[in-house]
Amino acid sequence: MAYDKFTLLRSSAVPMPIENVDTDQIIPARFLKATERTGFGDNLFRDWRYNTDGSPKKDFVLNNPIYSGNILVAGRNFGSGSSREHAAWALYDYGFRCVVSSFFADIFKNNSLNIGLLPVQVSPVFLDKIFTALEANPHSELEVNLPEQTLTLLATRESESFEITTYKKHNMTHGYDDIDYLQAMKADIQSFAAKSMY
Amino acid sequence: MSKTPATLFDRVWDSHVVRQIEDGPDVFFIDRHFIHEVTSPVAFLGLETRDLSVLFPEKTFATADHNTPTLNQHLPVQDLLSANQLKALEVNSAKYHISHWGLGNPKNGIVHVVGPENGITLPGMTIVCGDSHTSTHGAFGAIAFGIGTSEVEMVLSSQCIMQQKPKKMRIKVNGKPGKGITPKDVTLYGISKLTASGATGYFVEYAGEVFENMSMEGRMTVCNMSIEMGARGGMIAPDETTFAYLKGRDKAPKGEAWDKALAYWKTLKTDEGAFFDKEYAFDAADVEPMITYGTNPGMGMGITRHIPTSQVAGGSKASYEKSLDYMGFHEGESMLGKKVDYVFIGSCTNGRIEDFRDFASIVKGRKKAAHVTAWIVPGSHIVEQQIKEEGILDILTEAGFQLRQPGCSACLAMNDDKIPAGKYAVSTSNRNFEGRQGPGARTMLASPLVAAAAAVTGVVTDPRGLIAE
Ligand code: SF4
C-alpha cells in the first residue's frame, strides 16, 4: 500500500503518558470487521475517546482541543498485544505520522514501518522531558528528522538520535515497501523454495 | 569439524534465510501460512491492486474463527459485517486455490488449534499468521510468530517476509509442579516475573524438565502465551512426545517421508554451550495456581496472595492505578471470594481436549453456580467431538453447563460473546486488556481448573481444595 514519503516532520504533539497501551485500546476488536483499509481513524482509541452513548469523553487527550499535531507521544511499551495492523492504520488514518515512546512492542513497530508510520524510540529521560514540555506548553513543537535520525524538542533545542535500519530508512524516505523489494527477487525465492523440505 | 554451538532457534532461523540485507532485515522464507477472515481481506485487496497472485497457494491454509458465532453455526451469520468477512475469506481462498475450512467444515476451528491437530504444523518449520498467538506452533520446535496484514500480503505474493533476527532468551523451569498446577499457571507465573514487556525483542526457548514432561497440549499453552511477555514467539525442542503426537495426523508425513522427516527432527535441539542473550530459571515448586488482577497479563499472582502495591508491582504508579481502578480492585486485597459473573473456557490458549478434561475433573458431581454465565467453547470440531466421545459433555450437562460451537468467541469478543461492562469474568484465554472481552469487561486470566472452581462456587476459589484425592 502506497504511503506518504517521510523525511522531515515538524509538528506539535499529543501526549499520552500511559504505559502498556495495547492494540486492543488503539482499535478494539469489534471495529475490525471491515474488508477494506479505510475509516479506522474514527474508531482510534474508541473506548477511551467516547462514552457508550457516543458522546466524547472530556478528559481524554484526543478530545482536548489544546493538543494537536501529527505526532503521538506515548508511555513505554506502546502497541503491545494483538498483531492487528489496523492499530497502525487507525493512527495513520487519524493523521499521526510518528509515534514517540521509550519502548515499542515488536509487531507494532514492524507494522508501523510497513505502512509509513514512524516509530521513534527515545530514552525514558528524554520522553519525560517531552511530556513536561507539552504539559508546560501544549503547543511545543517536535522535529523528526529521518535522514539524520534525530528527534528535537524545538523549545529547548534538545535532541536525541533514534535507531532505524538503513533499509527501512530508505523505504520510508522513498515511500517504498517490502513487497516492492520481494517482487524484485522472486527468482531467488523460487530456487530457494525448490530446495525446501516442506 | 568443530562448529560454533547453535541454539534450536538459530538452526531453524538460519536455514530459512533467503537473503541477508546489510543493515536491514533478513528475507525470511515461510513454510506454512495460516490465514483467517479478519486480517486477510485487505491483504488480498493489496494483491489485486498490485496485480499479483499467490506464489505457493499450497503453503497457505485458511480457517474461519475470529468472527464466527458459537451457537447455530448451521444458520446464516446474522452480523452482516462478519458474514461479509467470512464470505471474503471463502471467495479469496477459492480464487487463489487456497485450502479453506469455513464455518461448518468438520475441520473448522481456531487457527492455532486446527494447524497442529491436523499435522499441518511440523518441527523445524517457519510458520506465520496474521494473529499474534501464532507463537502456539512453537510447541513443535517450529519458529512461529504473528504478523501484520502487510506481511500477510508479502507471504501470499512471495512466501517471504522481511525480519530482523530477534535476540535469544532461554527460560528453564525445573522441579516438580504441585497439585493443581497446570501449564497455564507455569506460563502466567513466568509472565508475572518477566512483565508484559520483559521479552520484547527476544525469541524464547523453553527448556527444563517441566516442559520435557509436558504434553503437547500443555506446551502449546505455554508457547501461545510467549507474546504476552512481549516475545515474538517461543519454542520447545521436539522430542518423543512431539513425534508421538504427530504420527498418523492427517497432513503429517507418512511412510518413507515420515522416516526422513523424523531423522531431521531429531537434529533440532540446542547444543551444549550455545549462546543466549538472556537466561531465566524458575523452580516449578514456587508456582501456585495463578490469577491476574490487572489489565495486562503480567499483572498476575498466586491465587492465595494479595494484590501487590504499585511499588512492588513496578512500572508507573498512574498506569497501575488506572488498571486497578478499571478492575474495581484495591492494593493489598485478596482475590479469593470475589464474585464472578462469567466463566469462559476456550481460545487457542486453553481450548484443547486436556483443558476440558481439567475443567470436567472439578465440575464432576457439582453444579454450576446459579448466578454464573458460563461459555464453554471448544477450539475446534475435533475437540468438540472428543468432548462428546470421552463423556465430558455428559458431565457438563449434568452440572448445568452448555457446550457451544468452536471459535475464538469471548477471547476477543468480535462475535456476540461479549462480557457486559463492569462484569467479572474468569477466562482461560490470554488477554485481560481493558475491553478485550467486551467494552468495560473485567477479565481475570486463569487455568481451566481455576475457571472450573469459579464456575461451581461463583467466586474466585483455589481449585486445590476441590480436586478429588
Ligand atoms: S482464540 Fe483469541 S488469541 Fe487465539 S486466535 Fe482466536 S482471537 Fe487470537
# chains A, B, ... in the order shown; residues from 1 in each chain; ligands from 1
>>> residues_near_ligand(ligand="ligand 1", cutoff="9 Å", atoms="only C-alpha atoms and all ligand atoms", output="ChimeraX atom specification")
/A:82 /B:36,65-67,110-113,131-134,224,346-351,379,407-414,429-431
>>> write_last_selection(atoms="N, CA and C atoms", output="JSON list (two decimals), in the first residue's frame")
[["chain", "number", "residue", "atom", "x", "y", "z"],
["A", 82, "SER", "N", -2.20, -7.74, 20.48],
["A", 82, "SER", "CA", -2.63, -8.25, 19.19],
["A", 82, "SER", "C", -1.80, -7.70, 18.03],
["B", 36, "HIS", "N", -6.96, -16.13, 8.36],
["B", 36, "HIS", "CA", -8.35, -16.15, 8.84],
["B", 36, "HIS", "C", -9.06, -14.92, 8.31],
["B", 65, "ASP", "N", -12.57, -18.24, 12.11],
["B", 65, "ASP", "CA", -12.61, -18.45, 13.56],
["B", 65, "ASP", "C", -12.89, -17.19, 14.38],
["B", 66, "HIS", "N", -12.29, -16.06, 14.00],
["B", 66, "HIS", "CA", -12.33, -14.88, 14.88],
["B", 66, "HIS", "C", -13.73, -14.30, 15.06],
["B", 67, "ASN", "N", -14.50, -14.39, 14.00],
["B", 67, "ASN", "CA", -15.74, -13.67, 13.89],
["B", 67, "ASN", "C", -16.97, -14.54, 13.97],
["B", 110, "ILE", "N", -10.33, -22.90, 15.66],
["B", 110, "ILE", "CA", -9.37, -21.81, 15.83],
["B", 110, "ILE", "C", -8.06, -22.20, 15.12],
["B", 111, "VAL", "N", -7.54, -21.26, 14.38],
["B", 111, "VAL", "CA", -6.39, -21.50, 13.53],
["B", 111, "VAL", "C", -5.23, -22.20, 14.27],
["B", 112, "HIS", "N", -4.96, -21.80, 15.50],
["B", 112, "HIS", "CA", -3.83, -22.40, 16.22],
["B", 112, "HIS", "C", -4.18, -23.72, 16.88],
["B", 113, "VAL", "N", -5.42, -24.11, 16.79],
["B", 113, "VAL", "CA", -5.81, -25.44, 17.26],
["B", 113, "VAL", "C", -5.83, -26.40, 16.08],
["B", 131, "ASP", "N", -1.99, -13.17, 13.30],
["B", 131, "ASP", "CA", -2.55, -13.31, 14.65],
["B", 131, "ASP", "C", -1.37, -13.55, 15.59],
["B", 132, "SER", "N", -1.29, -12.74, 16.63],
["B", 132, "SER", "CA", -0.07, -12.78, 17.45],
["B", 132, "SER", "C", 0.14, -14.11, 18.17],
["B", 133, "HIS", "N", -0.91, -14.89, 18.38],
["B", 133, "HIS", "CA", -0.75, -16.16, 19.09],
["B", 133, "HIS", "C", -0.29, -17.31, 18.20],
["B", 134, "THR", "N", 0.17, -16.96, 17.02],
["B", 134, "THR", "CA", 0.82, -17.94, 16.15],
["B", 134, "THR", "C", 1.99, -18.59, 16.87],
["B", 224, "ASN", "N", 2.00, -20.43, 23.31],
["B", 224, "ASN", "CA", 0.93, -19.49, 22.97],
["B", 224, "ASN", "C", 1.10, -18.16, 23.70],
["B", 346, "GLY", "N", -11.99, -21.73, 26.81],
["B", 346, "GLY", "CA", -11.82, -21.85, 25.37],
["B", 346, "GLY", "C", -10.59, -21.10, 24.93],
["B", 347, "SER", "N", -10.52, -20.73, 23.65],
["B", 347, "SER", "CA", -9.44, -19.99, 22.98],
["B", 347, "SER", "C", -8.29, -20.91, 22.60],
["B", 348, "CYS", "N", -7.37, -20.34, 21.82],
["B", 348, "CYS", "CA", -6.20, -21.12, 21.39],
["B", 348, "CYS", "C", -5.23, -21.36, 22.53],
["B", 349, "THR", "N", -5.48, -20.72, 23.68],
["B", 349, "THR", "CA", -4.62, -20.96, 24.84],
["B", 349, "THR", "C", -5.09, -22.21, 25.59],
["B", 350, "ASN", "N", -6.37, -22.29, 25.85],
["B", 350, "ASN", "CA", -6.91, -23.41, 26.64],
["B", 350, "ASN", "C", -8.22, -23.93, 26.05],
["B", 351, "GLY", "N", -8.19, -24.25, 24.78],
["B", 351, "GLY", "CA", -9.41, -24.77, 24.16],
["B", 351, "GLY", "C", -9.19, -26.17, 23.58],
["B", 379, "GLY", "N", -11.98, -25.56, 20.96],
["B", 379, "GLY", "CA", -11.12, -24.89, 20.00],
["B", 379, "GLY", "C", -11.36, -25.33, 18.56],
["B", 407, "GLY", "N", -14.71, -21.68, 18.01],
["B", 407, "GLY", "CA", -14.35, -20.36, 17.50],
["B", 407, "GLY", "C", -13.60, -19.59, 18.57],
["B", 408, "CYS", "N", -13.14, -18.40, 18.21],
["B", 408, "CYS", "CA", -12.38, -17.57, 19.16],
["B", 408, "CYS", "C", -13.28, -17.02, 20.27],
["B", 409, "SER", "N", -14.51, -16.75, 19.93],
["B", 409, "SER", "CA", -15.52, -16.40, 20.93],
["B", 409, "SER", "C", -15.09, -15.25, 21.83],
["B", 410, "ALA", "N", -15.29, -15.39, 23.12],
["B", 410, "ALA", "CA", -15.05, -14.31, 24.08],
["B", 410, "ALA", "C", -13.56, -13.98, 24.25],
["B", 411, "CYS", "N", -12.69, -14.72, 23.60],
["B", 411, "CYS", "CA", -11.27, -14.36, 23.69],
["B", 411, "CYS", "C", -11.05, -12.94, 23.20],
["B", 412, "LEU", "N", -11.70, -12.59, 22.11],
["B", 412, "LEU", "CA", -11.58, -11.20, 21.63],
["B", 412, "LEU", "C", -12.94, -10.56, 21.38],
["B", 413, "ALA", "N", -14.02, -11.32, 21.64],
["B", 413, "ALA", "CA", -15.35, -10.72, 21.64],
["B", 413, "ALA", "C", -15.72, -9.97, 20.36],
["B", 414, "MET", "N", -15.33, -10.54, 19.23],
["B", 414, "MET", "CA", -15.76, -9.94, 17.96],
["B", 414, "MET", "C", -17.15, -10.42, 17.58],
["B", 429, "SER", "N", -8.54, -17.58, 28.45],
["B", 429, "SER", "CA", -7.88, -17.03, 27.27],
["B", 429, "SER", "C", -6.58, -16.35, 27.67],
["B", 430, "ASN", "N", -6.12, -15.42, 26.87],
["B", 430, "ASN", "CA", -4.74, -14.95, 27.02],
["B", 430, "ASN", "C", -4.58, -13.46, 27.30],
["B", 431, "ARG", "N", -5.66, -12.71, 27.22],
["B", 431, "ARG", "CA", -5.50, -11.26, 27.40],
["B", 431, "ARG", "C", -6.57, -10.69, 28.30]]
>>> interface_residues(of="chain A", to="chain B", cutoff="8 Å", atoms="only C-alpha atoms", output="NGL selection string")
:A and (1 or 18-20 or 22 or 24-25 or 28-30 or 32-37 or 47 or 77 or 80-85 or 105-107 or 110-111 or 114-115 or 165-168 or 178-179 or 182-183 or 186 or 188-189 or 192-193 or 198)
>>> residues_around(residues="Phe6 (chain A)", least_positions_apart="6", cutoff="12 Å", atoms="only C-alpha atoms", output="list of chain:residue names")
A:Arg97, A:Cys98, A:Leu113, A:Ile115, A:Gly116, A:Leu117, A:Leu118, A:Pro119, A:Val144, A:Asn145, A:Leu146, A:Pro147, A:Gln149, A:Lys168, A:Lys169, A:His170, A:Asn171, A:Met172, A:Thr173, A:His174, A:Gly175, A:Tyr176
>>> select_by_dssp(residues="region 34-173 of chain A", states="alpha helix (DSSP H)", output="ChimeraX atom specification")
/A:46-49,86-94,106-115,124-136,166-173
>>> residues_around(residues="Val460 (chain B)", least_positions_apart="6", cutoff="6 Å", atoms="only C-alpha atoms", output="PyMOL selection string")
chain B and resi 336-338+454
>>> atom_distance(atom1="CA of Pro177 (chain B)", atom2="CA of Asp286 (chain B)")
8.0 Å
>>> atom_distance(atom1="CA of Ile181 (chain B)", atom2="CA of Val204 (chain B)")
21.7 Å
>>> decode(residues="region 170-196 of chain A", atoms="N, CA, C and O atoms", output="mmCIF file, in the first residue's frame")
data_model
loop_
_atom_site.group_PDB
_atom_site.id
_atom_site.type_symbol
_atom_site.label_atom_id
_atom_site.label_comp_id
_atom_site.auth_asym_id
_atom_site.auth_seq_id
_atom_site.Cartn_x
_atom_site.Cartn_y
_atom_site.Cartn_z
ATOM 1 N N HIS A 170 15.544 3.909 4.068
ATOM 2 C CA HIS A 170 15.454 4.088 2.624
ATOM 3 C C HIS A 170 14.002 3.940 2.159
ATOM 4 O O HIS A 170 13.483 4.758 1.400
ATOM 5 N N ASN A 171 13.345 2.888 2.647
ATOM 6 C CA ASN A 171 11.937 2.668 2.295
ATOM 7 C C ASN A 171 11.063 3.854 2.695
ATOM 8 O O ASN A 171 10.270 4.344 1.900
ATOM 9 N N MET A 172 11.203 4.272 3.953
ATOM 10 C CA MET A 172 10.337 5.345 4.474
ATOM 11 C C MET A 172 10.571 6.650 3.716
ATOM 12 O O MET A 172 9.616 7.374 3.412
ATOM 13 N N THR A 173 11.814 6.962 3.431
ATOM 14 C CA THR A 173 12.075 8.247 2.782
ATOM 15 C C THR A 173 11.636 8.230 1.311
ATOM 16 O O THR A 173 11.404 9.269 0.713
ATOM 17 N N HIS A 174 11.496 7.021 0.737
ATOM 18 C CA HIS A 174 11.059 6.936 -0.661
ATOM 19 C C HIS A 174 9.610 6.495 -0.829
ATOM 20 O O HIS A 174 9.096 6.461 -1.942
ATOM 21 N N GLY A 175 8.975 6.116 0.285
ATOM 22 C CA GLY A 175 7.602 5.629 0.188
ATOM 23 C C GLY A 175 7.513 4.233 -0.426
ATOM 24 O O GLY A 175 6.479 3.842 -0.949
ATOM 25 N N TYR A 176 8.608 3.457 -0.365
ATOM 26 C CA TYR A 176 8.592 2.079 -0.864
ATOM 27 C C TYR A 176 8.131 1.143 0.234
ATOM 28 O O TYR A 176 8.201 1.461 1.408
ATOM 29 N N ASP A 177 7.757 -0.066 -0.145
ATOM 30 C CA ASP A 177 7.546 -1.051 0.897
ATOM 31 C C ASP A 177 8.208 -2.380 0.548
ATOM 32 O O ASP A 177 8.804 -2.549 -0.519
ATOM 33 N N ASP A 178 8.109 -3.320 1.493
ATOM 34 C CA ASP A 178 8.802 -4.605 1.364
ATOM 35 C C ASP A 178 8.304 -5.412 0.175
ATOM 36 O O ASP A 178 9.045 -6.209 -0.396
ATOM 37 N N ILE A 179 7.050 -5.218 -0.168
ATOM 38 C CA ILE A 179 6.507 -6.020 -1.268
ATOM 39 C C ILE A 179 7.222 -5.664 -2.577
ATOM 40 O O ILE A 179 7.557 -6.541 -3.368
ATOM 41 N N ASP A 180 7.509 -4.390 -2.756
ATOM 42 C CA ASP A 180 8.267 -3.976 -3.941
ATOM 43 C C ASP A 180 9.598 -4.723 -3.977
ATOM 44 O O ASP A 180 10.015 -5.236 -5.006
ATOM 45 N N TYR A 181 10.246 -4.759 -2.837
ATOM 46 C CA TYR A 181 11.559 -5.414 -2.755
ATOM 47 C C TYR A 181 11.457 -6.908 -3.056
ATOM 48 O O TYR A 181 12.232 -7.453 -3.841
ATOM 49 N N LEU A 182 10.477 -7.554 -2.428
ATOM 50 C CA LEU A 182 10.347 -9.013 -2.587
ATOM 51 C C LEU A 182 9.991 -9.402 -4.014
ATOM 52 O O LEU A 182 10.468 -10.412 -4.533
ATOM 53 N N GLN A 183 9.159 -8.588 -4.661
ATOM 54 C CA GLN A 183 8.787 -8.897 -6.041
ATOM 55 C C GLN A 183 10.011 -8.904 -6.945
ATOM 56 O O GLN A 183 10.110 -9.688 -7.887
ATOM 57 N N ALA A 184 10.953 -8.044 -6.604
ATOM 58 C CA ALA A 184 12.145 -7.912 -7.437
ATOM 59 C C ALA A 184 13.105 -9.100 -7.277
ATOM 60 O O ALA A 184 14.044 -9.249 -8.042
ATOM 61 N N MET A 185 12.889 -9.932 -6.280
ATOM 62 C CA MET A 185 13.827 -11.061 -6.082
ATOM 63 C C MET A 185 13.115 -12.412 -6.134
ATOM 64 O O MET A 185 13.522 -13.381 -5.508
ATOM 65 N N LYS A 186 12.070 -12.461 -6.911
ATOM 66 C CA LYS A 186 11.239 -13.658 -6.963
ATOM 67 C C LYS A 186 11.995 -14.900 -7.453
ATOM 68 O O LYS A 186 11.766 -16.006 -6.978
ATOM 69 N N ALA A 187 12.905 -14.711 -8.384
ATOM 70 C CA ALA A 187 13.639 -15.859 -8.923
ATOM 71 C C ALA A 187 14.442 -16.533 -7.810
ATOM 72 O O ALA A 187 14.440 -17.765 -7.674
ATOM 73 N N ASP A 188 15.095 -15.729 -6.991
ATOM 74 C CA ASP A 188 15.869 -16.271 -5.864
ATOM 75 C C ASP A 188 14.957 -17.041 -4.920
ATOM 76 O O ASP A 188 15.327 -18.089 -4.395
ATOM 77 N N ILE A 189 13.776 -16.492 -4.681
ATOM 78 C CA ILE A 189 12.849 -17.139 -3.750
ATOM 79 C C ILE A 189 12.402 -18.477 -4.326
ATOM 80 O O ILE A 189 12.358 -19.487 -3.615
ATOM 81 N N GLN A 190 12.147 -18.489 -5.612
ATOM 82 C CA GLN A 190 11.698 -19.743 -6.223
ATOM 83 C C GLN A 190 12.768 -20.829 -6.159
ATOM 84 O O GLN A 190 12.471 -21.979 -5.865
ATOM 85 N N SER A 191 14.005 -20.468 -6.376
ATOM 86 C CA SER A 191 15.023 -21.519 -6.310
ATOM 87 C C SER A 191 15.248 -21.948 -4.864
ATOM 88 O O SER A 191 15.537 -23.107 -4.582
ATOM 89 N N PHE A 192 15.070 -21.014 -3.932
ATOM 90 C CA PHE A 192 15.161 -21.404 -2.511
ATOM 91 C C PHE A 192 14.044 -22.388 -2.176
ATOM 92 O O PHE A 192 14.266 -23.413 -1.527
ATOM 93 N N ALA A 193 12.852 -22.079 -2.636
ATOM 94 C CA ALA A 193 11.692 -22.923 -2.333
ATOM 95 C C ALA A 193 11.867 -24.336 -2.897
ATOM 96 O O ALA A 193 11.452 -25.322 -2.281
ATOM 97 N N ALA A 194 12.513 -24.424 -4.039
ATOM 98 C CA ALA A 194 12.682 -25.733 -4.678
ATOM 99 C C ALA A 194 13.503 -26.667 -3.797
ATOM 100 O O ALA A 194 13.332 -27.890 -3.833
ATOM 101 N N LYS A 195 14.384 -26.093 -2.980
ATOM 102 C CA LYS A 195 15.232 -26.928 -2.113
ATOM 103 C C LYS A 195 14.619 -27.137 -0.733
ATOM 104 O O LYS A 195 15.167 -27.871 0.079
ATOM 105 N N SER A 196 13.509 -26.464 -0.463
ATOM 106 C CA SER A 196 12.952 -26.527 0.891
ATOM 107 C C SER A 196 12.287 -27.873 1.155
ATOM 108 O O SER A 196 11.715 -28.491 0.267
#
